[in-house]
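Asks: File target-v1.cif follows (mmCIF, C-alpha atoms):
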```cif
data_upload
#
loop_
_atom_site.label_atom_id
_atom_site.label_comp_id
_atom_site.auth_asym_id
_atom_site.auth_seq_id
_atom_site.Cartn_x
_atom_site.Cartn_y
_atom_site.Cartn_z
CA MET M 1 4.63 -51.83 -78.07
CA ASP M 2 4.14 -54.11 -75.08
CA TYR M 3 2.73 -51.47 -72.75
CA LYS M 4 -1.04 -51.96 -72.34
CA ALA M 5 -2.25 -48.50 -71.42
CA SER M 6 -5.97 -49.22 -71.62
CA GLU M 7 -5.63 -52.14 -69.21
CA HIS M 8 -3.70 -50.01 -66.74
CA ILE M 9 -6.36 -47.30 -66.91
CA GLN M 10 -9.08 -49.92 -66.45
CA ASP M 11 -7.33 -51.24 -63.32
CA LEU M 12 -7.67 -47.87 -61.59
CA GLN M 13 -10.55 -48.17 -59.14
CA TYR M 14 -11.79 -45.47 -56.80
CA PHE M 15 -14.83 -45.70 -54.57
CA GLY M 16 -17.00 -42.68 -53.99
CA GLU M 17 -17.62 -41.37 -50.47
CA PHE M 18 -20.73 -43.52 -50.10
CA GLY M 19 -19.51 -46.49 -52.10
CA GLY M 20 -20.27 -44.95 -55.48
CA VAL M 21 -18.68 -46.51 -58.56
CA ASN M 22 -17.37 -43.05 -59.48
CA PRO M 23 -15.07 -41.20 -57.10
CA SER M 24 -16.59 -38.31 -55.18
CA ILE M 25 -15.95 -34.86 -56.65
CA SER M 26 -13.95 -32.50 -54.44
CA ASP M 27 -16.17 -29.43 -54.61
CA SER M 28 -13.95 -27.25 -52.43
CA SER M 29 -11.37 -24.58 -53.10
CA THR M 30 -9.66 -24.93 -49.72
CA TYR M 31 -9.09 -27.72 -47.20
CA THR M 32 -8.97 -27.89 -43.43
CA PHE M 33 -6.14 -29.18 -41.22
CA LEU M 34 -6.39 -30.74 -37.78
CA SER M 35 -3.17 -29.04 -36.74
CA ALA M 36 -1.21 -25.96 -37.74
CA LYS M 37 1.91 -28.15 -38.01
CA THR M 38 0.32 -30.23 -40.78
CA MET M 39 -0.61 -27.06 -42.70
CA PHE M 40 3.01 -25.88 -42.44
CA ASP M 41 4.33 -29.25 -43.60
CA THR M 42 1.93 -29.24 -46.54
CA PHE M 43 3.17 -25.81 -47.63
CA GLU M 44 6.70 -27.22 -47.48
CA GLY M 45 5.69 -30.25 -49.57
CA ASN M 46 6.41 -32.72 -46.79
CA THR M 47 3.02 -34.39 -46.47
CA GLU M 48 1.35 -37.13 -48.46
CA GLY M 49 -2.40 -37.21 -49.09
CA CYS M 50 -3.06 -33.74 -47.67
CA TYR M 51 -4.69 -31.02 -49.74
CA LEU M 52 -3.99 -27.38 -49.27
CA TYR M 53 -5.78 -25.32 -51.89
CA SER M 54 -7.31 -26.36 -55.20
CA ARG M 55 -4.89 -24.26 -57.25
CA HIS M 56 -2.23 -26.59 -55.91
CA SER M 57 -4.13 -29.87 -56.18
CA SER M 58 -7.43 -31.57 -55.46
CA PRO M 59 -8.56 -35.20 -55.15
CA SER M 60 -10.44 -35.02 -58.46
CA ASN M 61 -7.39 -33.67 -60.28
CA LEU M 62 -5.24 -36.32 -58.64
CA TYR M 63 -7.50 -39.13 -59.90
CA LEU M 64 -7.36 -37.79 -63.45
CA GLY M 65 -3.61 -37.28 -63.17
CA GLU M 66 -3.17 -40.92 -62.13
CA ALA M 67 -5.16 -42.06 -65.15
CA MET M 68 -3.01 -39.90 -67.44
CA ALA M 69 0.14 -41.37 -65.91
CA GLN M 70 -1.21 -44.83 -66.70
CA LEU M 71 -1.98 -43.74 -70.27
CA GLU M 72 1.66 -42.87 -70.95
CA GLY M 73 3.27 -45.17 -68.40
CA THR M 74 4.99 -42.35 -66.52
CA GLU M 75 5.59 -42.07 -62.79
CA SER M 76 3.16 -39.19 -62.43
CA ALA M 77 1.03 -36.61 -64.24
CA ASN M 78 -0.43 -33.18 -63.51
CA VAL M 79 -3.59 -31.82 -65.11
CA PHE M 80 -4.18 -28.24 -66.26
CA ALA M 81 -7.00 -25.97 -67.34
CA SER M 82 -5.92 -26.20 -71.00
CA GLY M 83 -3.36 -27.81 -73.26
CA MET M 84 -1.58 -24.46 -73.60
CA GLY M 85 -1.55 -24.20 -69.81
CA ALA M 86 0.31 -27.51 -69.71
CA ILE M 87 2.73 -26.55 -72.49
CA SER M 88 3.56 -23.11 -71.09
CA ALA M 89 4.14 -24.56 -67.61
CA VAL M 90 6.65 -27.06 -69.00
CA VAL M 91 8.49 -24.41 -71.00
CA PHE M 92 8.79 -22.00 -68.08
CA GLN M 93 9.78 -24.78 -65.69
CA LEU M 94 12.65 -25.87 -67.93
CA CYS M 95 13.82 -22.56 -69.41
CA ASP M 96 15.36 -19.42 -67.96
CA THR M 97 16.36 -16.16 -69.63
CA ASP M 98 18.75 -16.64 -72.59
CA ASP M 99 17.89 -20.32 -72.95
CA HIS M 100 17.09 -22.01 -76.27
CA ILE M 101 14.53 -24.52 -77.56
CA VAL M 102 14.75 -26.81 -80.58
CA CYS M 103 11.22 -27.28 -81.92
CA SER M 104 9.48 -28.97 -84.79
CA ARG M 105 8.57 -26.60 -87.62
CA THR M 106 5.02 -27.93 -87.83
CA ILE M 107 3.14 -27.64 -84.56
CA TYR M 108 -0.19 -26.36 -83.31
CA GLY M 109 -0.55 -22.65 -84.09
CA GLY M 110 -0.98 -21.69 -80.43
CA THR M 111 2.25 -23.45 -79.48
CA TYR M 112 4.03 -21.82 -82.41
CA ALA M 113 2.84 -18.35 -81.37
CA PHE M 114 3.87 -18.97 -77.77
CA LEU M 115 7.39 -20.10 -78.72
CA LYS M 116 7.85 -17.63 -81.58
CA ASN M 117 6.30 -14.47 -80.15
CA PHE M 118 5.69 -14.71 -76.42
CA VAL M 119 8.75 -16.29 -74.80
CA LYS M 120 11.06 -13.87 -76.61
CA LYS M 121 9.99 -11.36 -73.94
CA PHE M 122 12.15 -13.46 -71.63
CA ASN M 123 14.98 -13.79 -74.17
CA ILE M 124 14.12 -17.44 -74.73
CA SER M 125 14.80 -18.31 -78.37
CA THR M 126 13.43 -21.13 -80.52
CA SER M 127 14.82 -22.83 -83.61
CA PHE M 128 12.00 -24.26 -85.75
CA ILE M 129 13.37 -27.18 -87.75
CA ASP M 130 12.30 -30.26 -89.71
CA ILE M 131 11.93 -32.73 -86.85
CA THR M 132 12.19 -35.65 -89.30
CA ASP M 133 15.75 -34.57 -90.24
CA LEU M 134 17.80 -35.89 -87.32
CA ASP M 135 21.02 -34.27 -88.56
CA MET M 136 19.30 -30.89 -88.64
CA VAL M 137 17.93 -31.47 -85.14
CA GLU M 138 21.39 -32.19 -83.77
CA GLN M 139 22.99 -29.28 -85.61
CA SER M 140 20.43 -26.95 -84.02
CA ILE M 141 21.34 -27.93 -80.45
CA THR M 142 23.56 -25.42 -78.64
CA SER M 143 24.99 -25.11 -75.14
CA LYS M 144 21.89 -23.04 -74.29
CA THR M 145 19.35 -25.61 -75.53
CA LYS M 146 17.09 -26.84 -72.72
CA MET M 147 14.70 -29.11 -74.64
CA ILE M 148 13.73 -30.71 -77.92
CA TYR M 149 10.01 -30.15 -78.48
CA CYS M 150 7.83 -31.89 -81.05
CA GLU M 151 4.41 -33.39 -81.68
CA ALA M 152 4.21 -37.16 -82.15
CA ILE M 153 2.01 -36.52 -85.18
CA SER M 154 2.24 -32.88 -86.19
CA ASN M 155 -0.54 -30.38 -86.62
CA PRO M 156 -1.62 -29.97 -89.40
CA LEU M 157 0.78 -31.66 -91.83
CA LEU M 158 0.71 -34.99 -89.95
CA GLU M 159 4.48 -35.43 -90.00
CA VAL M 160 5.54 -38.36 -87.80
CA ALA M 161 8.35 -37.82 -85.30
CA ASP M 162 10.78 -40.69 -84.72
CA ILE M 163 10.49 -40.50 -80.94
CA ALA M 164 12.99 -43.24 -80.16
CA ALA M 165 15.67 -41.64 -82.35
CA LEU M 166 14.97 -38.17 -80.95
CA SER M 167 15.17 -39.59 -77.43
CA LYS M 168 18.64 -40.98 -78.09
CA LEU M 169 19.70 -37.61 -79.46
CA ALA M 170 18.27 -35.76 -76.46
CA LYS M 171 20.00 -38.10 -74.01
CA LYS M 172 23.29 -37.71 -75.88
CA HIS M 173 23.12 -33.96 -75.23
CA GLY M 174 21.68 -34.23 -71.74
CA ILE M 175 18.42 -32.43 -72.49
CA PRO M 176 14.78 -33.60 -72.17
CA LEU M 177 12.61 -34.62 -75.09
CA VAL M 178 9.15 -33.07 -74.75
CA VAL M 179 6.44 -34.63 -76.94
CA ASP M 180 2.90 -33.37 -77.50
CA ASN M 181 0.89 -36.57 -78.01
CA THR M 182 -2.53 -34.94 -78.43
CA PHE M 183 -3.13 -36.42 -81.90
CA SER M 184 -2.29 -40.00 -80.96
CA PRO M 185 -3.27 -41.13 -77.45
CA LEU M 186 -3.07 -44.95 -77.31
CA ASN M 187 -1.92 -45.01 -80.96
CA ILE M 188 1.55 -44.00 -79.72
CA ASN M 189 2.96 -44.35 -76.19
CA ALA M 190 5.46 -41.52 -76.38
CA ALA M 191 6.95 -42.04 -72.91
CA GLN M 192 7.55 -45.73 -73.62
CA LEU M 193 9.47 -44.72 -76.74
CA GLY M 194 11.75 -42.44 -74.72
CA ALA M 195 10.02 -39.08 -74.33
CA ASP M 196 10.95 -37.53 -70.97
CA ILE M 197 7.85 -35.32 -70.76
CA VAL M 198 4.58 -35.90 -72.61
CA VAL M 199 1.94 -33.19 -72.88
CA HIS M 200 -1.68 -33.64 -73.94
CA SER M 201 -4.60 -31.43 -74.74
CA LEU M 202 -7.30 -33.38 -72.92
CA THR M 203 -9.81 -31.26 -74.83
CA LYS M 204 -9.47 -33.50 -77.86
CA PHE M 205 -9.62 -37.32 -78.10
CA ILE M 206 -9.13 -38.01 -74.41
CA ASN M 207 -12.28 -36.14 -73.36
CA GLY M 208 -14.01 -36.74 -76.68
CA SER M 209 -17.10 -34.62 -76.04
CA SER M 210 -15.97 -31.13 -77.13
CA ASP M 211 -17.46 -29.69 -73.95
CA CYS M 212 -14.38 -28.44 -72.08
CA VAL M 213 -10.71 -27.51 -72.39
CA ALA M 214 -8.00 -29.19 -70.31
CA GLY M 215 -4.39 -30.33 -70.50
CA ALA M 216 -1.91 -32.68 -68.87
CA VAL M 217 1.80 -33.17 -68.30
CA CYS M 218 2.99 -36.77 -67.91
CA ALA M 219 6.51 -37.11 -66.55
CA SER M 220 8.64 -38.22 -63.61
CA SER M 221 7.41 -37.70 -60.06
CA ASP M 222 10.19 -35.18 -59.47
CA PHE M 223 9.25 -33.06 -62.47
CA CYS M 224 5.53 -33.14 -61.70
CA LEU M 225 6.23 -32.14 -58.09
CA SER M 226 8.44 -29.30 -59.30
CA LEU M 227 5.53 -27.95 -61.36
CA LYS M 228 3.42 -27.80 -58.18
CA ASP M 229 6.09 -26.29 -55.92
CA VAL M 230 4.59 -23.33 -54.02
CA ASN M 231 7.79 -21.31 -54.38
CA ASN M 232 8.89 -21.85 -57.98
CA GLY M 233 6.49 -24.26 -59.69
CA ALA M 234 5.24 -22.90 -63.01
CA GLY M 235 2.04 -24.95 -62.78
CA MET M 236 1.30 -23.64 -59.31
CA LEU M 237 2.30 -20.02 -59.78
CA MET M 238 0.79 -19.45 -63.23
CA GLY M 239 -2.58 -20.63 -61.94
CA SER M 240 -3.61 -22.86 -64.86
CA THR M 241 -5.53 -25.25 -62.60
CA LEU M 242 -8.24 -27.56 -63.90
CA ASP M 243 -11.63 -27.35 -62.20
CA SER M 244 -12.52 -30.46 -60.18
CA LEU M 245 -15.91 -30.89 -61.85
CA ARG M 246 -14.26 -30.99 -65.29
CA ALA M 247 -11.56 -33.35 -64.05
CA ALA M 248 -14.23 -35.79 -62.87
CA SER M 249 -16.05 -35.56 -66.22
CA ILE M 250 -12.88 -36.18 -68.25
CA LEU M 251 -11.96 -39.16 -66.08
CA LYS M 252 -15.31 -40.79 -66.86
CA ASN M 253 -14.81 -40.20 -70.59
CA MET M 254 -11.32 -41.70 -70.50
CA ARG M 255 -12.87 -45.09 -69.77
CA THR M 256 -14.15 -45.31 -73.34
CA LEU M 257 -11.02 -43.90 -74.98
CA HIS M 258 -9.80 -47.29 -76.23
CA ILE M 259 -13.12 -47.95 -77.96
CA ARG M 260 -13.31 -44.51 -79.52
CA ILE M 261 -9.72 -44.44 -80.79
CA LYS M 262 -10.19 -47.74 -82.59
CA LYS M 263 -13.27 -46.42 -84.40
CA HIS M 264 -11.73 -43.03 -85.22
CA SER M 265 -8.73 -44.82 -86.75
CA GLU M 266 -10.81 -47.40 -88.62
CA ASN M 267 -12.96 -44.71 -90.20
CA ALA M 268 -10.04 -42.42 -91.05
CA LEU M 269 -8.10 -45.23 -92.74
CA TYR M 270 -11.12 -46.20 -94.85
CA LEU M 271 -11.71 -42.63 -96.05
CA ALA M 272 -8.02 -42.01 -96.70
CA GLN M 273 -7.74 -45.15 -98.81
CA GLN M 274 -10.89 -44.36 -100.80
CA PHE M 275 -9.99 -40.75 -101.52
CA GLU M 276 -6.44 -41.69 -102.50
CA LYS M 277 -7.93 -44.18 -104.99
CA ASP M 278 -10.07 -41.31 -106.28
CA GLY M 279 -6.89 -39.37 -107.06
CA LEU M 280 -7.09 -36.78 -104.30
CA LYS M 281 -4.00 -35.51 -102.50
CA VAL M 282 -4.45 -37.28 -99.15
CA VAL M 283 -2.09 -37.23 -96.18
CA TYR M 284 -2.63 -39.96 -93.60
CA PRO M 285 0.04 -41.94 -91.69
CA GLY M 286 -1.73 -45.19 -92.51
CA LEU M 287 -1.11 -44.80 -96.25
CA GLU M 288 2.07 -46.22 -97.75
CA SER M 289 2.42 -42.94 -99.65
CA HIS M 290 2.93 -41.07 -96.36
CA LEU M 291 6.60 -40.20 -95.84
CA GLY M 292 6.40 -41.21 -92.18
CA HIS M 293 4.43 -44.43 -92.73
CA ASN M 294 7.28 -46.79 -91.80
CA VAL M 295 8.24 -44.74 -88.74
CA MET M 296 4.62 -44.76 -87.65
CA LYS M 297 4.39 -48.54 -88.09
CA SER M 298 7.55 -49.03 -86.04
CA GLN M 299 6.27 -47.10 -83.01
CA MET M 300 2.49 -47.44 -83.06
CA ASN M 301 0.20 -49.78 -81.16
CA PRO M 302 -1.38 -51.74 -84.04
CA GLU M 303 -4.52 -52.41 -82.01
CA TYR M 304 -5.43 -48.71 -82.19
CA GLY M 305 -4.54 -47.96 -85.79
CA PHE M 306 -3.01 -44.87 -87.37
CA GLY M 307 -5.17 -42.21 -85.74
CA GLY M 308 -8.25 -40.19 -86.60
CA LEU M 309 -6.70 -37.26 -88.50
CA LEU M 310 -6.26 -36.88 -92.25
CA THR M 311 -5.85 -33.98 -94.65
CA LEU M 312 -7.13 -33.37 -98.17
CA ASP M 313 -5.78 -30.66 -100.46
CA VAL M 314 -8.52 -29.30 -102.72
CA GLY M 315 -6.41 -26.58 -104.33
CA SER M 316 -7.56 -23.23 -102.98
CA VAL M 317 -8.98 -21.69 -99.84
CA ASP M 318 -12.18 -20.71 -101.67
CA GLN M 319 -12.67 -24.28 -102.83
CA ALA M 320 -11.91 -25.58 -99.34
CA ASN M 321 -14.36 -23.19 -97.70
CA ALA M 322 -17.15 -23.94 -100.16
CA LEU M 323 -16.69 -27.69 -99.74
CA MET M 324 -16.71 -27.49 -95.95
CA GLU M 325 -19.85 -25.34 -95.98
CA LEU M 326 -21.56 -27.85 -98.27
CA MET M 327 -20.53 -30.83 -96.15
CA GLN M 328 -21.90 -29.10 -93.07
CA THR M 329 -25.26 -28.49 -94.74
CA GLN M 330 -25.31 -32.20 -95.66
CA LYS M 331 -24.79 -33.05 -91.97
CA LEU M 332 -21.46 -34.76 -92.61
CA GLY M 333 -19.82 -32.88 -89.77
CA TYR M 334 -19.05 -29.42 -88.48
CA LEU M 335 -16.93 -26.61 -89.87
CA ALA M 336 -15.07 -26.22 -86.61
CA VAL M 337 -11.60 -26.38 -85.10
CA SER M 338 -10.46 -29.01 -82.61
CA LEU M 339 -10.64 -32.79 -82.92
CA GLY M 340 -11.75 -35.99 -81.23
CA PHE M 341 -15.52 -35.30 -81.37
CA TYR M 342 -18.06 -38.00 -82.22
CA LYS M 343 -18.92 -36.05 -85.41
CA THR M 344 -16.32 -35.25 -88.05
CA LEU M 345 -14.77 -31.79 -87.67
CA PHE M 346 -13.10 -30.01 -90.58
CA SER M 347 -11.24 -26.73 -91.00
CA ALA M 348 -8.83 -25.09 -93.43
CA SER M 349 -5.71 -25.13 -91.29
CA GLY M 350 -3.94 -22.21 -92.97
CA THR M 351 -6.73 -19.84 -91.99
CA SER M 352 -7.63 -21.40 -88.65
CA THR M 353 -5.52 -23.53 -86.32
CA SER M 354 -2.27 -22.59 -88.10
CA SER M 355 -3.16 -18.97 -88.87
CA GLU M 356 -0.59 -17.78 -86.31
CA ILE M 357 2.14 -19.00 -88.69
CA PRO M 358 3.00 -16.22 -91.20
CA MET M 359 1.95 -16.88 -94.78
CA GLU M 360 5.51 -17.08 -96.11
CA GLU M 361 6.35 -19.70 -93.50
CA GLN M 362 3.20 -21.67 -94.31
CA GLU M 363 4.30 -21.72 -97.94
CA ALA M 364 7.80 -22.86 -96.97
CA LEU M 365 6.28 -25.70 -94.95
CA GLY M 366 4.13 -26.78 -97.87
CA LEU M 367 0.95 -25.81 -96.02
CA SER M 368 -1.44 -25.18 -98.89
CA GLN M 369 -4.34 -22.78 -98.42
CA GLY M 370 -6.53 -25.48 -99.90
CA LEU M 371 -5.57 -27.97 -97.20
CA ILE M 372 -8.51 -29.24 -95.15
CA ARG M 373 -7.81 -31.03 -91.87
CA PHE M 374 -10.38 -33.67 -90.99
CA SER M 375 -10.89 -35.15 -87.54
CA ILE M 376 -12.91 -38.18 -88.54
CA GLY M 377 -15.86 -39.05 -86.34
CA LEU M 378 -17.40 -42.25 -85.04
CA ASP M 379 -19.75 -42.84 -87.97
CA ASN M 380 -21.25 -46.33 -87.89
CA ASN M 381 -21.50 -46.68 -91.68
CA ILE M 382 -18.31 -45.12 -92.97
CA HIS M 383 -18.93 -46.25 -96.56
CA GLN M 384 -22.16 -44.26 -96.58
CA THR M 385 -20.22 -41.28 -95.23
CA TYR M 386 -17.66 -41.69 -98.00
CA LEU M 387 -20.35 -41.69 -100.68
CA ALA M 388 -21.95 -38.56 -99.23
CA MET M 389 -18.59 -36.76 -98.99
CA ARG M 390 -17.76 -37.80 -102.52
CA ALA M 391 -21.09 -36.48 -103.76
CA CYS M 392 -20.23 -33.09 -102.26
CA MET M 393 -16.86 -33.15 -104.04
CA GLU M 394 -18.49 -34.08 -107.32
CA LYS M 395 -20.94 -31.18 -106.95
CA MET M 396 -17.98 -28.85 -106.35
CA GLY M 397 -16.09 -30.20 -109.36
CA ILE M 398 -13.27 -31.51 -107.17
CA LEU M 399 -13.99 -35.05 -108.35
CA SER M 400 -15.63 -36.26 -111.53
CA PRO M 401 -18.61 -38.57 -111.15
CA SER M 402 -17.58 -42.22 -111.18
CA PRO M 403 -19.66 -44.95 -112.83
CA SER M 404 -20.40 -46.48 -109.41
CA THR M 405 -21.79 -43.24 -107.99
CA MET M 406 -23.83 -42.48 -111.10
CA ASP M 407 -25.92 -45.64 -110.78
#
```
For the structure just supplied, provide its representation as structure tokens.
Replies:
Amino acid sequence: MDYKASEHIQDLQYFGEFGGVNPSISDSSTYTFLSAKTMFDTFEGNTEGCYLYSRHSSPSNLYLGEAMAQLEGTESANVFASGMGAISAVVFQLCDTDDHIVCSRTIYGGTYAFLKNFVKKFNISTSFIDITDLDMVEQSITSKTKMIYCEAISNPLLEVADIAALSKLAKKHGIPLVVDNTFSPLNINAAQLGADIVVHSLTKFINGSSDCVAGAVCASSDFCLSLKDVNNGAGMLMGSTLDSLRAASILKNMRTLHIRIKKHSENALYLAQQFEKDGLKVVYPGLESHLGHNVMKSQMNPEYGFGGLLTLDVGSVDQANALMELMQTQKLGYLAVSLGFYKTLFSASGTSTSSEIPMEEQEALGLSQGLIRFSIGLDNNIHQTYLAMRACMEKMGILSPSPSTMD
């Protein structure tokens, strides 16, 4: 990939009200106008640089939106109070009653529940398919299909979507490709590969501090403006607006994203390689054993590696839970959902972030109850971390002691 997202983000420069190196935070819910005519024009969407009401937009949200647009290389971006706020706004903006969605079978549990259970109230149907099977994707498209939806790297099975191939398919049928790129910011530039709309949970790697929830939609200027339309914009009317204080905080954290992603990826690759050598069932896009390894290599930015997520299958949910509890007591990380934190986070996906998916469907997907999803942290000495994690696995009987660890 030739697009240099981190450089484009770095080039954004805003002065604070008094010359501060950080932009001033817009701590207001409503904004004044010098004339009634300007207020009217703003309601009609015919003014530039005027703010009406913070549910519609604010300077702080605009700054963060511009940074997100630079991240993906899109014309524009809107920010939201959560990743699900961003996803639901896109779905309701694109779909009407009786419409249809083609969606990856492995996605975040909240997205799955929304598309499987909630939108059916509006007679919007969803076909959940293997997004890596392009023939199946095309066969699932009907005259009612309004989008193809997938995750660049899926939650929690870490399947890799061929975004360029899916984009060609979407364009052939005249529908948008919507990609959730939460797991791989900077690793993959989904918009540069052909995604029409890219959504992010800013809660995760982009913010990196596990202290707030937020989301974003990166797309064309026309689509982003349609989301904010006062008459029929799903982003505007559903009220999922990000608070200005949080927007300012996330923008500051974005400036270190390129550094953090490199370290997350470096550490995850090291652990994945070591545990695969130990004979564990490891899934990580950076391993040659991963079914999507070549696709990942063809569309990734090598500078940022293969991402910070990996999974280990330890056989049973009881074994998984006991191991995670032990690792937490050994201060190796936290038994917690989410990802992108400076400490490693681990959870058994089948009973946490994917629990909305019925058990029989989890089994059909190959989602073992013993599967642990790891968001690998920013540990400085990853070899030491590996040895400590391995010691926990030896104590649990998951691994046998090796001669090197017995010394």
Asks: Find the spatial neighbours of segment 213-215 of chain M, counting only C-alpha atoms, within a cut-off of 10 Å - ignore same-chain residues fewer than 3 positions away - and output them as a compact mmCIF listing (two decimals) with C-alpha atoms, keeping the file's coordinate frame.
Replies:
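Output contents, as saved in result-v9.txt:
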```
# COMPACT_ATOMS: atom_id res chain seq x y z
CA ASN M 78 -0.43 -33.18 -63.51
CA VAL M 79 -3.59 -31.82 -65.11
CA PHE M 80 -4.18 -28.24 -66.26
CA ALA M 81 -7.00 -25.97 -67.34
CA SER M 82 -5.92 -26.20 -71.00
CA GLY M 83 -3.36 -27.81 -73.26
CA MET M 84 -1.58 -24.46 -73.60
CA GLY M 85 -1.55 -24.20 -69.81
CA ALA M 86 0.31 -27.51 -69.71
CA ILE M 87 2.73 -26.55 -72.49
CA THR M 182 -2.53 -34.94 -78.43
CA VAL M 199 1.94 -33.19 -72.88
CA HIS M 200 -1.68 -33.64 -73.94
CA SER M 201 -4.60 -31.43 -74.74
CA LEU M 202 -7.30 -33.38 -72.92
CA THR M 203 -9.81 -31.26 -74.83
CA LYS M 204 -9.47 -33.50 -77.86
CA ILE M 206 -9.13 -38.01 -74.41
CA ASN M 207 -12.28 -36.14 -73.36
CA SER M 210 -15.97 -31.13 -77.13
CA SER M 240 -3.61 -22.86 -64.86
CA THR M 241 -5.53 -25.25 -62.60
CA LEU M 242 -8.24 -27.56 -63.90
CA ASP M 243 -11.63 -27.35 -62.20
CA ARG M 246 -14.26 -30.99 -65.29
CA ALA M 247 -11.56 -33.35 -64.05
CA ILE M 250 -12.88 -36.18 -68.25
```
Asks: Kindly provide, as a ChimeraX atom specification, the polymer residues lying within 12 Å of (9.5, -32.0, -63.1), counting all atoms listed in the file and using the coordinates exactly as they appear in the file.
Replies: /M:74-78,89-94,176,178,196-198,217-229,232-235
Asks: Apply the PyMOL selection byres ((chain M and resi 26-35) around 7) to the structure shown and report the selected residues as an NGL selection string.
Replies: :M and (24-25 or 36-39 or 51-54 or 58-60 or 244)
Asks: Can you spit out the residues from that selection as a PDB file, in the coordinates of the input, using C-alpha atoms?
Replies:
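Here's the written file out-v3.pdb:
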```
ATOM      1  CA  SER M  24     -16.590 -38.310 -55.180  1.00  0.00           C
ATOM      2  CA  ILE M  25     -15.950 -34.860 -56.650  1.00  0.00           C
ATOM      3  CA  ALA M  36      -1.210 -25.960 -37.740  1.00  0.00           C
ATOM      4  CA  LYS M  37       1.910 -28.150 -38.010  1.00  0.00           C
ATOM      5  CA  THR M  38       0.320 -30.230 -40.780  1.00  0.00           C
ATOM      6  CA  MET M  39      -0.610 -27.060 -42.700  1.00  0.00           C
ATOM      7  CA  TYR M  51      -4.690 -31.020 -49.740  1.00  0.00           C
ATOM      8  CA  LEU M  52      -3.990 -27.380 -49.270  1.00  0.00           C
ATOM      9  CA  TYR M  53      -5.780 -25.320 -51.890  1.00  0.00           C
ATOM     10  CA  SER M  54      -7.310 -26.360 -55.200  1.00  0.00           C
ATOM     11  CA  SER M  58      -7.430 -31.570 -55.460  1.00  0.00           C
ATOM     12  CA  PRO M  59      -8.560 -35.200 -55.150  1.00  0.00           C
ATOM     13  CA  SER M  60     -10.440 -35.020 -58.460  1.00  0.00           C
ATOM     14  CA  SER M 244     -12.520 -30.460 -60.180  1.00  0.00           C
TER      15      SER M 244
END
```
Asks: At most 10 Å is the cut-off: for each residue in segment 263-296 of chain M with any atom that close to an atom of segment 388-395 of chain M, write down the nearest atom pair and the distance in Å rounded to one decimal, counting all atoms listed in the file, chain first then increasing number, as CSV.
Replies:
```
residue,atom,partner,partner_atom,distance
M:Leu271,CA,M:Met389,CA,9.5
M:Gln274,CA,M:Arg390,CA,9.7
M:Phe275,CA,M:Arg390,CA,8.4
M:Asp278,CA,M:Arg390,CA,9.3
```
Asks: What is the atom CA of Ile163 of chain M-atom CA of Ala190 of chain M distance in Å, reported with one decimal?
Replies: 6.9 Å
Asks: Could you please determine the separation between atom CA of Lys331 of chain M and atom CA of Leu257 of chain M in Å, to one decimal place?
Replies: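 One can read the atom CA of Lys331 of chain M to atom CA of Leu257 of chain M distance as 24.4 Å.
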Asks: Select, from M:Asp2, M:His56, M:Gln10, M:Gly174, the residue with the minimum atom-to-atom distance to Met238 of chain M, counting all atoms listed in the file.
Replies: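 So, comparing all the options, the nearest one is M:His56.
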Asks: Exactly which residues make up the result of the PyMOL selection byres ((chain M and resi 6) around 12) on this file, given as JSON, numbers by chain?
Replies: {"M": [2, 3, 4, 5, 7, 8, 9, 10, 11, 12, 67, 68, 69, 70, 71, 72, 73, 185, 186, 187, 189, 206, 254, 255, 256, 257, 258, 259, 260, 261, 262, 301, 303, 304]}
Asks: Could you work out how far atom CA of Ala164 of chain M lies from atom CA of Met147 of chain M, giving the answer in Å with one decimal?
Replies: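 If I compute the distance from atom CA of Met147 of chain M to atom CA of Ala164 of chain M, I get 15.3 Å.
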Asks: Can you turn the PyMOL selection byres ((chain M and resi 150) around 6) into a concrete residue list for this file, as a list in words?
Replies: Cys103, Ser104, Tyr149, Glu151 and Val179 of chain M
Asks: Atoms are missing here; could segment 28-34 of chain M be completed with N, CA and C atoms and written as a PDB file, keeping the file's coordinate frame?
Replies:
```pdb
ATOM      1  N   SER M  28     -14.464 -28.226 -53.397  1.00  0.00           N
ATOM      2  CA  SER M  28     -13.950 -27.250 -52.430  1.00  0.00           C
ATOM      3  C   SER M  28     -12.714 -26.575 -52.994  1.00  0.00           C
ATOM      4  N   SER M  29     -12.572 -25.308 -52.680  1.00  0.00           N
ATOM      5  CA  SER M  29     -11.370 -24.580 -53.100  1.00  0.00           C
ATOM      6  C   SER M  29     -10.274 -24.657 -52.057  1.00  0.00           C
ATOM      7  N   THR M  30     -10.646 -24.879 -50.781  1.00  0.00           N
ATOM      8  CA  THR M  30      -9.660 -24.930 -49.720  1.00  0.00           C
ATOM      9  C   THR M  30      -9.964 -26.088 -48.782  1.00  0.00           C
ATOM     10  N   TYR M  31      -8.977 -26.512 -48.009  1.00  0.00           N
ATOM     11  CA  TYR M  31      -9.090 -27.720 -47.200  1.00  0.00           C
ATOM     12  C   TYR M  31      -8.622 -27.457 -45.774  1.00  0.00           C
ATOM     13  N   THR M  32      -9.281 -28.113 -44.839  1.00  0.00           N
ATOM     14  CA  THR M  32      -8.970 -27.890 -43.430  1.00  0.00           C
ATOM     15  C   THR M  32      -7.838 -28.802 -42.958  1.00  0.00           C
ATOM     16  N   PHE M  33      -7.202 -28.393 -41.858  1.00  0.00           N
ATOM     17  CA  PHE M  33      -6.140 -29.180 -41.220  1.00  0.00           C
ATOM     18  C   PHE M  33      -6.481 -29.343 -39.744  1.00  0.00           C
ATOM     19  N   LEU M  34      -6.154 -30.508 -39.206  1.00  0.00           N
ATOM     20  CA  LEU M  34      -6.390 -30.740 -37.780  1.00  0.00           C
ATOM     21  C   LEU M  34      -5.336 -30.083 -36.917  1.00  0.00           C
TER      22      LEU M  34
END
```
